[in-house]
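Here's structure.tsv, which has TSV, C-alpha atoms:
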chain	number	residue	atom	x	y	z
F	69	MET	CA	11.39	45.78	12.03
F	70	VAL	CA	11.26	42.18	10.77
F	71	THR	CA	11.86	41.77	7.07
F	72	ILE	CA	9.64	39.46	5.04
F	73	ASP	CA	12.55	37.07	4.39
F	74	GLY	CA	13.42	37.03	8.09
F	75	GLU	CA	9.78	36.56	9.00
F	76	ARG	CA	9.37	33.76	6.45
F	77	ALA	CA	12.43	32.02	7.88
F	78	ALA	CA	11.07	32.32	11.44
F	79	LEU	CA	7.63	31.05	10.45
F	80	CYS	CA	9.13	28.11	8.55
F	81	GLU	CA	11.42	27.31	11.48
F	82	PHE	CA	8.52	27.20	13.94
F	83	LEU	CA	6.36	25.19	11.53
F	84	GLY	CA	9.26	22.77	11.05
F	85	TYR	CA	9.63	22.32	14.81
F	86	GLN	CA	5.94	21.53	15.14
F	87	ARG	CA	6.04	19.00	12.33
F	88	ALA	CA	9.14	17.35	13.79
F	89	SER	CA	7.38	17.15	17.16
F	90	VAL	CA	4.42	15.33	15.58
F	91	LEU	CA	6.76	12.66	14.27
F	92	ALA	CA	8.83	12.49	17.46
F	93	VAL	CA	5.81	11.96	19.68
F	94	VAL	CA	4.61	8.96	17.66
F	95	ALA	CA	8.07	7.58	16.83
F	96	GLU	CA	8.70	3.97	17.86
F	97	LEU	CA	5.02	3.20	18.37
F	98	ASP	CA	4.05	-0.10	16.79
F	99	GLU	CA	1.04	-0.32	14.50
F	100	THR	CA	-1.25	-1.48	17.29
F	101	SER	CA	-0.29	1.52	19.41
F	102	LEU	CA	-0.60	3.91	16.46
F	103	ARG	CA	-4.19	2.71	15.99
F	104	LYS	CA	-5.06	2.66	19.69
F	105	THR	CA	-7.83	4.96	20.87
F	106	VAL	CA	-7.24	6.02	24.47
F	107	LEU	CA	-9.63	8.94	24.82
F	108	PRO	CA	-13.44	8.90	24.71
F	109	SER	CA	-13.53	10.88	21.43
F	110	GLY	CA	-12.12	7.80	19.71
F	111	TRP	CA	-9.27	9.22	17.63
F	112	SER	CA	-5.99	7.36	17.10
F	113	PRO	CA	-2.46	8.77	16.87
F	114	LEU	CA	-2.19	7.53	13.27
F	115	GLY	CA	-5.54	9.10	12.44
F	116	LEU	CA	-4.38	12.39	13.90
F	117	VAL	CA	-1.22	12.33	11.76
F	118	GLU	CA	-3.41	11.73	8.69
F	119	HIS	CA	-5.65	14.61	9.81
F	120	LEU	CA	-2.61	16.89	9.97
F	121	GLY	CA	-1.76	15.87	6.40
F	122	TYR	CA	-5.28	16.83	5.37
F	123	ALA	CA	-4.88	20.14	7.24
F	124	GLU	CA	-1.66	20.96	5.35
F	125	ARG	CA	-3.41	20.06	2.08
F	126	HIS	CA	-6.51	22.09	2.91
F	127	TRP	CA	-4.82	25.29	4.02
F	128	PHE	CA	-1.97	25.55	1.54
F	129	GLN	CA	-3.44	23.87	-1.53
F	130	GLU	CA	-7.23	24.22	-1.33
F	131	VAL	CA	-7.40	27.59	0.42
F	132	PHE	CA	-4.20	29.43	-0.51
F	133	ARG	CA	-3.54	28.03	-3.98
F	134	GLY	CA	-7.21	27.39	-4.78
F	135	ALA	CA	-6.67	23.80	-5.96
F	136	ALA	CA	-5.29	20.66	-4.34
F	137	GLU	CA	-3.19	17.84	-5.63
F	138	PRO	CA	-5.30	14.69	-6.06
F	139	LEU	CA	-5.52	12.47	-2.99
F	140	PRO	CA	-3.68	9.14	-3.18
F	141	TRP	CA	-6.94	7.39	-2.22
F	142	PRO	CA	-10.68	8.02	-2.57
F	143	ASP	CA	-11.78	10.94	-0.39
F	144	ASP	CA	-13.38	8.64	2.16
F	145	HIS	CA	-11.45	9.72	5.19
F	146	THR	CA	-13.07	9.45	8.56
F	147	PRO	CA	-11.78	12.25	10.76
F	148	LEU	CA	-9.06	11.24	13.18
F	149	ILE	CA	-8.97	7.49	12.46
F	150	THR	CA	-7.63	5.66	9.44
F	151	SER	CA	-7.45	2.16	8.00
F	152	ARG	CA	-4.42	3.03	5.88
F	153	PRO	CA	-1.01	1.51	6.69
F	154	PRO	CA	1.33	3.66	8.80
F	155	ALA	CA	3.88	4.00	5.97
F	156	GLN	CA	1.18	5.38	3.68
F	157	VAL	CA	-0.06	7.84	6.32
F	158	PHE	CA	3.44	9.07	7.18
F	159	GLY	CA	4.25	9.34	3.48
F	160	PHE	CA	1.07	11.36	2.92
F	161	TYR	CA	1.92	13.71	5.80
F	162	SER	CA	5.47	14.14	4.50
F	163	ASP	CA	4.27	14.80	0.95
F	164	GLN	CA	1.74	17.39	2.10
F	165	CYS	CA	4.37	19.18	4.20
F	166	ARG	CA	6.77	19.21	1.24
F	167	ILE	CA	4.08	20.70	-1.04
F	168	SER	CA	3.20	23.26	1.64
F	169	ASP	CA	6.85	24.26	1.99
F	170	ALA	CA	7.11	24.82	-1.78
F	171	ILE	CA	4.00	26.99	-1.72
F	172	ILE	CA	5.34	29.03	1.21
F	173	ALA	CA	8.71	29.45	-0.52
F	174	GLY	CA	7.14	30.57	-3.78
F	175	ALA	CA	4.68	33.20	-2.60
F	176	SER	CA	4.68	36.48	-0.73
F	177	LEU	CA	3.55	36.29	2.87
F	178	THR	CA	1.13	39.09	2.05
F	179	ALA	CA	-0.41	37.18	-0.88
F	180	VAL	CA	-4.17	36.76	-0.67
F	181	PRO	CA	-5.55	33.20	-0.83
F	182	ALA	CA	-7.27	32.13	-4.04
F	183	ALA	CA	-10.11	30.53	-2.03
F	184	ARG	CA	-11.61	30.72	1.45
F	185	HIS	CA	-12.01	28.37	4.35
F	186	PRO	CA	-15.73	27.55	4.53
F	187	GLU	CA	-16.31	28.43	8.19
F	188	GLU	CA	-15.95	31.46	10.43
F	189	PRO	CA	-14.04	32.71	12.25
F	190	LEU	CA	-11.13	31.13	10.34
F	191	ALA	CA	-12.44	32.32	6.97
F	192	SER	CA	-12.05	35.96	7.96
F	193	GLN	CA	-8.87	35.41	9.99
F	194	THR	CA	-6.81	33.73	7.25
F	195	THR	CA	-6.57	36.65	4.85
F	196	ASP	CA	-3.03	36.13	3.60
F	197	LEU	CA	-0.31	33.48	3.48
F	198	ARG	CA	1.23	34.75	6.73
F	199	ARG	CA	-2.01	34.10	8.63
F	200	ILE	CA	-2.42	30.70	7.02
F	201	VAL	CA	1.09	29.68	8.13
F	202	LEU	CA	0.34	30.96	11.63
F	203	HIS	CA	-2.89	28.98	11.72
F	204	VAL	CA	-1.17	25.76	10.61
F	205	ILE	CA	1.49	26.28	13.32
F	206	GLU	CA	-1.33	26.76	15.84
F	207	GLU	CA	-3.30	23.72	14.65
F	208	THR	CA	-0.25	21.48	14.57
F	209	ALA	CA	0.84	22.59	18.05
F	210	ARG	CA	-2.65	21.97	19.42
F	211	HIS	CA	-2.67	18.44	18.05
F	212	ILE	CA	0.83	17.75	19.38
F	213	GLY	CA	-0.65	18.31	22.81
F	214	HIS	CA	-3.30	15.71	22.02
F	215	LEU	CA	-0.61	13.31	20.79
F	216	ASP	CA	1.44	13.95	23.96
F	217	VAL	CA	-1.50	12.89	26.12
F	218	ALA	CA	-2.20	9.82	24.01
F	219	ARG	CA	1.45	8.76	24.07
F	220	GLU	CA	1.59	9.06	27.84
F	221	LEU	CA	-1.57	6.95	28.18
F	222	ILE	CA	-0.25	4.36	25.71
F	223	ASP	CA	3.20	3.75	27.14
F	224	GLY	CA	4.01	6.40	29.74
F	225	ARG	CA	6.51	8.29	27.56
F	226	THR	CA	6.54	12.08	27.90
F	227	GLY	CA	8.66	15.02	26.80
F	228	LEU	CA	9.22	13.74	23.27
F	229	GLY	CA	10.15	16.09	20.44
F	230	PRO	CA	12.80	18.64	19.56
F	231	ARG	CA	11.74	21.17	22.23

Please express the file's structure as structure tokens.
Amino acid sequence: MVTIDGERAALCEFLGYQRASVLAVVAELDETSLRKTVLPSGWSPLGLVEHLGYAERHWFQEVFRGAAEPLPWPDDHTPLITSRPPAQVFGFYSDQCRISDAIIAGASLTAVPAARHPEEPLASQTTDLRRIVLHVIEETARHIGHLDVARELIDGRTGLGPR
């Protein structure tokens, strides 16, 4: 049987690997490449990193805690693209991950969220902190796959990240 502390450590380890992979896949891209859209849907790698910051904020602050830290800019974000400078986007992502980690560390994995995600099926699937962490691992991993494809199309690099 897995103990809660052991489970929390495993969940945090896997979440950490996913986050590190996000940064590894886009590492060393210049600003032009970070803003490049290579797929018909029109998203950019930098926009996807910003989206992942919003996802961390949404799930751990808005849904689990019931209130989010104020955004560092007006809530004008266009999904999956951004006009913000790379340093600001990467700082935002880092800040949101740090806040998420503090929330995970300070609550029971069985704690019920203070709010709900507005759409099904995720609203009924994310019933405790454990399931929220699992969802963020899943969402981050899914988007790493998108970033992998974009990186290969941008400069041919593959296999980036800690795993």

Might you pull out every residue within 8 Å of Tyr161 of chain F, with only C-alpha atoms counted and same-chain residues fewer than 4 positions away left off, and present them as a PDB file with C-alpha atoms, in the coordinates of the input?
ATOM      1  CA  VAL F 117      -1.220  12.330  11.760  1.00  0.00           C
ATOM      2  CA  GLU F 118      -3.410  11.730   8.690  1.00  0.00           C
ATOM      3  CA  LEU F 120      -2.610  16.890   9.970  1.00  0.00           C
ATOM      4  CA  GLY F 121      -1.760  15.870   6.400  1.00  0.00           C
ATOM      5  CA  TYR F 122      -5.280  16.830   5.370  1.00  0.00           C
ATOM      6  CA  VAL F 157      -0.060   7.840   6.320  1.00  0.00           C
ATOM      7  CA  CYS F 165       4.370  19.180   4.200  1.00  0.00           C
TER       8      CYS F 165
END

Considering only C-alpha atoms, return as a list of chain:residue names whatever protein or nucleic-acid residues lie within 12 Å of Trp141 of chain F, sequence-local ones (same chain, fewer than 3 positions apart) excluded.
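In the requested form, the answer reads F:Glu137, F:Pro138, F:Asp144, F:His145, F:Thr150, F:Ser151, F:Arg152, F:Gln156, F:Val157, F:Phe160.
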
Rounded to one decimal place, report the atom CA of Val90 of chain F-atom CA of Ile212 of chain F distance in Å.
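Answer for the atom CA of Val90 of chain F to atom CA of Ile212 of chain F separation: 5.8 Å.
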
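As for atom CA of Leu116 of chain F and atom CA of Asp169 of chain F, they are spaced 20.2 Å apart.
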
Rank F:Pro142, F:Gly134, F:Pro186, F:Pro154 by their smallest atom-to-atom distance to Leu97 of chain F, using all atoms listed in the file, and report the top residue only.
F:Pro154

Go ahead and compute the interatomic distance for atom CA of Thr146 of chain F and atom CA of Leu107 of chain F, in Å to one decimal.
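Separation of atom CA of Thr146 of chain F and atom CA of Leu107 of chain F: 16.6 Å.
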
At a cut-off of 12 Å, using all atoms listed in the file, what residues contact segment 172-176 of chain F? Leave out same-chain residues fewer than 6 positions from it and give the result as number ranges by chain.
F: 71-73, 75-77, 79-80, 83, 124, 127-129, 132-133, 165-166, 196-202, 204

Best match for closeness to Thr195 of chain F among F:Ala155, F:Ala218, F:Val131, F:Ile149, counting all atoms listed in the file
F:Val131

Nearest to Pro181 of chain F by atom-to-atom distance, counting only C-alpha atoms, from F:His126, F:Leu221, F:Asp143, F:Asp216
F:His126

Between F:Ile205, F:Val93, F:Ala123, F:Ala88, which has the minimum distance to Gln164 of chain F (counting only C-alpha atoms)?
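Under the stated criterion, the closest residue is F:Ala123.
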
Using all atoms listed in the file, which residue out of F:His214, F:Pro113, F:Ala183, F:Pro153 lies closest to Ser101 of chain F?
F:Pro113

Residue with smallest distance to Ala92 of chain F - pool F:Leu215, F:Ile222, F:Leu177, F:Leu139, counting only C-alpha atoms
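Residue with the minimum atom-to-atom distance to Ala92 of chain F: F:Leu215.
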
For Leu102 of chain F: contacts at 8 Å, all atoms listed in the file, fewer than 2 positions along chain excluded, given as a PyMOL selection string:
chain F and resi 94+97-100+104+112-114+154
